Amino acid sequence: MTHKDFTSLLTKNKIKPGADNQRPQPKDYLPAISAFSRLTYESIYIIDYEKMGFEYVSENPLFLCGYTPGEVLAMGYEFYFRNVPESDLELLTNINNAGFDFYDKIVPEERSLYTITYDFHLNTKDGDQLLINHKLTPLFINADNKIQLAMCIVSISYQKDAGNIYIYKQGTTERWELDTAQGVWRKSVTPQLNKRELEVLRLHARGFAINAIAEKLFVVPDTIKYYRRRIFEKLQVGNMTEALQRAIDSKII
């Protein structure tokens with residue numbers, strides 16, 4: 001895939017330049033974004049769909065691939081072309097197109113309630129590949145009801161492969177998973193854990209092992225193993241690391 005091919009495929013939400021007084025001014029929101037970035041290990045950046053580039057890039061190193069925030073800001077979309085493997089560039093373009101097709105079908109007054117999450121690889125300067133999780137949500141919607149600015153949060157992915165594409169709606173248990181083979185979104189409901197399953201999951205999140213959790217909950221270890229299996233089945237994962245990531249993405253814990 002050439003650089004021209006990639007950028008042309010990322011224009012589905014490209015918006016016409018608007019008057020300056022219709023745009024949010026950096027002084028209005030960037031201090032809050034910067035403060036948030038100091039409180040988290042995750043990388044944060046703002047996409048500007050009018051400029052086809054970035055409005056803000058945090059100093060958190062995960063997303064930077066060895067560059068400075070200023071260098072990533074200057075690169076804009078070129079950053080993806082330089083640092084994302086070609087197979088994942090194609091994945092990102094498919095996500096972009098499917099995501100905005102989904103978004104265009106949402107009633108305008110609800111468009112700010114949706115978040116998309118997915119995994120892809122970044123090439124590091126050392127020649128390694130890092131699988132990251134990428135969450136994106138609208139930050140500013142313009143008068144034409146298109147996303148002008150979007151906030152992105154980057155963290156380490158606990159999945160084994162790229163993809164894992166979901167859309168969540170705030171305040172509901174609704175979610176949609178992208179079937180990449182068919183190019184369609186399949187709706188489902190976020191799994192619900194019962195009280196004891198949540199207790200087990202939260203204790204695992206605090207670093208307690210099976211025997212320690214059993215002791216805290218006054219049950220035998222085999223009971224904790226049973227609850228773990230139930231959690232894995234409900235969340236459709238294979239281990240506790242994936243369960244915790246899925247639970248966080250789904251806002252279960």
# chains A, B, ... in the order shown; residues from 1 in each chain; ligands from 1
call {"tool": "residues_around", "arguments": {"residues": "Leu62 (chain A)", "least_positions_apart": "5", "cutoff": "10 Å", "atoms": "only C-alpha atoms", "output": "list in words"}}
result
Tyr41, Glu42, Ser43, Ile44, Leu122, Thr124, Leu130, Ile132, Val154, Ser155 and Ile156 of chain A
call {"tool": "write_last_selection", "arguments": {"atoms": "C-alpha atoms", "output": "PDB file, in the first residue's frame"}}
result
ATOM      1  CA  TYR A  41       0.474   5.805  31.632  1.00  0.00           C
ATOM      2  CA  GLU A  42      -1.553   5.621  28.405  1.00  0.00           C
ATOM      3  CA  SER A  43      -0.727   7.734  25.365  1.00  0.00           C
ATOM      4  CA  ILE A  44      -3.267  10.358  24.342  1.00  0.00           C
ATOM      5  CA  LEU A 122       3.288  -0.323  15.790  1.00  0.00           C
ATOM      6  CA  THR A 124       9.390   0.452  17.159  1.00  0.00           C
ATOM      7  CA  LEU A 130       4.155  -3.719  19.634  1.00  0.00           C
ATOM      8  CA  ILE A 132      -1.508  -1.733  21.062  1.00  0.00           C
ATOM      9  CA  VAL A 154      -3.423   4.097  23.360  1.00  0.00           C
ATOM     10  CA  SER A 155      -2.565   1.273  25.767  1.00  0.00           C
ATOM     11  CA  ILE A 156      -0.862  -2.113  25.595  1.00  0.00           C
TER      12      ILE A 156
END
call {"tool": "select_by_dssp", "arguments": {"residues": "region 64-218 of chain A", "states": "strand (DSSP E)", "output": "VMD selection string"}}
result
chain A and resid 114 to 123 129 to 141 147 to 156 163 to 169 174 to 179 184 to 189
call {"tool": "write_last_selection", "arguments": {"atoms": "N, CA and C atoms", "output": "short mmCIF file (atom, residue, chain, number, x, y, z; two decimals), in the first residue's frame"}}
result
data_model
loop_
_atom_site.label_atom_id
_atom_site.label_comp_id
_atom_site.auth_asym_id
_atom_site.auth_seq_id
_atom_site.Cartn_x
_atom_site.Cartn_y
_atom_site.Cartn_z
N TYR A 114 -20.65 7.32 21.33
CA TYR A 114 -20.08 6.07 20.85
C TYR A 114 -18.56 6.08 20.90
N THR A 115 -17.99 4.92 21.26
CA THR A 115 -16.54 4.73 21.32
C THR A 115 -16.19 3.48 20.53
N ILE A 116 -15.11 3.55 19.76
CA ILE A 116 -14.63 2.38 19.04
C ILE A 116 -13.29 1.96 19.62
N THR A 117 -13.08 0.65 19.73
CA THR A 117 -11.82 0.13 20.24
C THR A 117 -11.33 -1.00 19.33
N TYR A 118 -10.02 -1.06 19.12
CA TYR A 118 -9.44 -2.09 18.25
C TYR A 118 -7.95 -2.18 18.53
N ASP A 119 -7.31 -3.22 17.99
CA ASP A 119 -5.88 -3.46 18.22
C ASP A 119 -5.13 -3.46 16.90
N PHE A 120 -3.93 -2.87 16.91
CA PHE A 120 -3.05 -2.96 15.75
C PHE A 120 -1.60 -2.83 16.21
N HIS A 121 -0.67 -3.12 15.30
CA HIS A 121 0.75 -3.12 15.64
C HIS A 121 1.40 -1.78 15.29
N LEU A 122 2.39 -1.43 16.09
CA LEU A 122 3.29 -0.32 15.79
C LEU A 122 4.71 -0.88 15.69
N ASN A 123 5.45 -0.40 14.71
CA ASN A 123 6.86 -0.75 14.60
C ASN A 123 7.68 0.19 15.48
N GLN A 129 7.78 -5.18 16.96
CA GLN A 129 6.39 -4.80 16.77
C GLN A 129 5.66 -4.86 18.10
N LEU A 130 4.90 -3.83 18.38
CA LEU A 130 4.15 -3.72 19.63
C LEU A 130 2.68 -3.71 19.31
N LEU A 131 1.91 -4.64 19.92
CA LEU A 131 0.47 -4.67 19.71
C LEU A 131 -0.19 -3.74 20.71
N ILE A 132 -0.88 -2.73 20.20
CA ILE A 132 -1.51 -1.73 21.06
C ILE A 132 -3.03 -1.79 20.93
N ASN A 133 -3.69 -1.31 21.96
CA ASN A 133 -5.13 -1.12 21.92
C ASN A 133 -5.40 0.36 21.71
N HIS A 134 -6.34 0.65 20.83
CA HIS A 134 -6.63 2.03 20.43
C HIS A 134 -8.11 2.30 20.68
N LYS A 135 -8.40 3.28 21.50
CA LYS A 135 -9.79 3.68 21.75
C LYS A 135 -9.99 5.09 21.21
N LEU A 136 -11.08 5.29 20.49
CA LEU A 136 -11.34 6.58 19.85
C LEU A 136 -12.78 6.99 20.11
N THR A 137 -12.96 8.26 20.49
CA THR A 137 -14.30 8.78 20.73
C THR A 137 -14.38 10.22 20.26
N PRO A 138 -15.54 10.70 19.80
CA PRO A 138 -15.64 12.09 19.34
C PRO A 138 -15.33 13.08 20.47
N LEU A 139 -14.60 14.12 20.12
CA LEU A 139 -14.32 15.20 21.06
C LEU A 139 -15.10 16.45 20.67
N PHE A 140 -15.22 16.69 19.36
CA PHE A 140 -15.97 17.85 18.88
C PHE A 140 -16.66 17.47 17.58
N ILE A 141 -17.97 17.72 17.51
CA ILE A 141 -18.77 17.46 16.32
C ILE A 141 -19.19 18.79 15.72
N ILE A 147 -17.52 14.31 12.80
CA ILE A 147 -16.47 14.42 13.82
C ILE A 147 -15.36 15.33 13.29
N GLN A 148 -15.13 16.42 13.96
CA GLN A 148 -14.03 17.30 13.58
C GLN A 148 -12.77 16.96 14.38
N LEU A 149 -12.95 16.70 15.68
CA LEU A 149 -11.84 16.28 16.53
C LEU A 149 -12.23 14.99 17.25
N ALA A 150 -11.28 14.08 17.37
CA ALA A 150 -11.51 12.85 18.11
C ALA A 150 -10.37 12.64 19.09
N MET A 151 -10.70 12.14 20.26
CA MET A 151 -9.70 11.83 21.28
C MET A 151 -9.35 10.35 21.20
N CYS A 152 -8.07 10.05 21.22
CA CYS A 152 -7.60 8.68 21.12
C CYS A 152 -6.74 8.33 22.33
N ILE A 153 -6.95 7.16 22.89
CA ILE A 153 -6.15 6.66 24.00
C ILE A 153 -5.51 5.35 23.57
N VAL A 154 -4.20 5.26 23.78
CA VAL A 154 -3.42 4.10 23.36
C VAL A 154 -2.87 3.39 24.59
N SER A 155 -3.11 2.08 24.67
CA SER A 155 -2.56 1.27 25.77
C SER A 155 -2.05 -0.04 25.19
N ILE A 156 -1.33 -0.79 26.01
CA ILE A 156 -0.86 -2.11 25.59
C ILE A 156 -2.07 -3.03 25.40
N GLY A 163 -6.92 -6.49 15.33
CA GLY A 163 -8.35 -6.62 15.08
C GLY A 163 -9.14 -6.34 16.35
N ASN A 164 -10.03 -7.29 16.72
CA ASN A 164 -10.82 -7.17 17.97
C ASN A 164 -11.56 -5.83 18.00
N ILE A 165 -12.40 -5.61 17.00
CA ILE A 165 -12.99 -4.29 16.74
C ILE A 165 -14.40 -4.23 17.32
N TYR A 166 -14.58 -3.33 18.28
CA TYR A 166 -15.87 -3.19 18.95
C TYR A 166 -16.26 -1.72 19.01
N ILE A 167 -17.57 -1.50 18.98
CA ILE A 167 -18.13 -0.17 19.25
C ILE A 167 -19.05 -0.30 20.45
N TYR A 168 -18.92 0.64 21.39
CA TYR A 168 -19.74 0.67 22.59
C TYR A 168 -20.53 1.97 22.63
N LYS A 169 -21.73 1.90 23.19
CA LYS A 169 -22.54 3.10 23.39
C LYS A 169 -22.61 3.42 24.88
N GLU A 174 -25.12 -2.07 25.15
CA GLU A 174 -25.04 -2.40 23.72
C GLU A 174 -23.60 -2.33 23.22
N ARG A 175 -23.27 -3.26 22.36
CA ARG A 175 -21.98 -3.21 21.68
C ARG A 175 -22.13 -3.86 20.31
N TRP A 176 -21.21 -3.52 19.42
CA TRP A 176 -21.20 -4.06 18.07
C TRP A 176 -19.79 -4.54 17.76
N GLU A 177 -19.70 -5.71 17.15
CA GLU A 177 -18.40 -6.25 16.75
C GLU A 177 -18.34 -6.28 15.23
N LEU A 178 -17.21 -5.84 14.67
CA LEU A 178 -17.07 -5.83 13.22
C LEU A 178 -16.64 -7.20 12.73
N ASP A 179 -17.46 -7.79 11.86
CA ASP A 179 -17.11 -9.01 11.15
C ASP A 179 -16.28 -8.58 9.95
N VAL A 184 -19.51 -6.34 8.10
CA VAL A 184 -20.76 -5.91 8.74
C VAL A 184 -20.58 -5.88 10.26
N TRP A 185 -21.38 -5.03 10.90
CA TRP A 185 -21.37 -4.93 12.35
C TRP A 185 -22.43 -5.84 12.93
N ARG A 186 -22.06 -6.63 13.92
CA ARG A 186 -22.99 -7.56 14.56
C ARG A 186 -23.24 -7.09 15.99
N LYS A 187 -24.51 -6.82 16.29
CA LYS A 187 -24.87 -6.27 17.59
C LYS A 187 -24.99 -7.37 18.63
N SER A 188 -24.54 -7.05 19.83
CA SER A 188 -24.70 -7.96 20.96
C SER A 188 -24.86 -7.12 22.22
N VAL A 189 -24.92 -7.78 23.34
CA VAL A 189 -25.05 -7.09 24.63
C VAL A 189 -23.80 -7.37 25.45
#
call {"tool": "closest_residue", "arguments": {"among": "A:Lys51, A:Lys160, A:Lys216, A:Lys225", "to": "Gly76 (chain A)", "atoms": "only C-alpha atoms"}}
result
A:Lys51
call {"tool": "select_by_dssp", "arguments": {"residues": "region 139-240 of chain A", "states": "alpha helix (DSSP H)", "output": "PyMOL selection string"}}
result
chain A and resi 195-205+210-217+221-235+240
call {"tool": "write_last_selection", "arguments": {"atoms": "C-alpha atoms", "output": "CSV table (one decimal), in the first residue's frame"}}
result
chain,number,residue,atom,x,y,z
A,195,LYS,CA,-21.8,-10.3,42.3
A,196,ARG,CA,-19.4,-13.2,43.2
A,197,GLU,CA,-17.9,-13.2,39.7
A,198,LEU,CA,-17.2,-9.5,40.0
A,199,GLU,CA,-15.6,-10.0,43.4
A,200,VAL,CA,-13.3,-12.7,41.9
A,201,LEU,CA,-12.4,-10.5,38.9
A,202,ARG,CA,-11.6,-7.4,41.1
A,203,LEU,CA,-9.4,-9.4,43.4
A,204,HIS,CA,-7.5,-10.8,40.4
A,205,ALA,CA,-7.1,-7.2,39.2
A,210,ILE,CA,-6.5,-18.2,43.4
A,211,ASN,CA,-5.6,-19.5,46.9
A,212,ALA,CA,-5.5,-16.0,48.3
A,213,ILE,CA,-8.9,-15.1,46.7
A,214,ALA,CA,-10.4,-18.3,48.1
A,215,GLU,CA,-9.1,-17.4,51.6
A,216,LYS,CA,-10.6,-13.9,51.3
A,217,LEU,CA,-14.0,-15.1,50.2
A,221,PRO,CA,-9.8,-22.8,45.6
A,222,ASP,CA,-11.9,-25.1,43.4
A,223,THR,CA,-14.8,-22.7,43.8
A,224,ILE,CA,-12.6,-19.8,42.6
A,225,LYS,CA,-11.6,-21.9,39.6
A,226,TYR,CA,-15.3,-22.5,38.8
A,227,TYR,CA,-16.0,-18.7,38.9
A,228,ARG,CA,-12.9,-18.1,36.7
A,229,ARG,CA,-14.3,-20.5,34.1
A,230,ARG,CA,-17.7,-18.7,34.2
A,231,ILE,CA,-16.0,-15.4,33.7
A,232,PHE,CA,-14.0,-16.7,30.8
A,233,GLU,CA,-17.1,-18.1,29.2
A,234,LYS,CA,-19.2,-15.0,29.6
A,235,LEU,CA,-16.4,-12.6,28.4
A,240,MET,CA,-7.5,-13.8,33.2
call {"tool": "atom_distance", "arguments": {"atom1": "CA of Glu109 (chain A)", "atom2": "CA of Gly171 (chain A)"}}
result
14.5 Å
call {"tool": "atom_distance", "arguments": {"atom1": "CA of Gln245 (chain A)", "atom2": "CA of Gly207 (chain A)"}}
result
14.2 Å
call {"tool": "closest_residue", "arguments": {"among": "A:Ala74, A:Asp48, A:Thr241, A:Phe36", "to": "Asn60 (chain A)", "atoms": "only C-alpha atoms"}}
result
A:Phe36
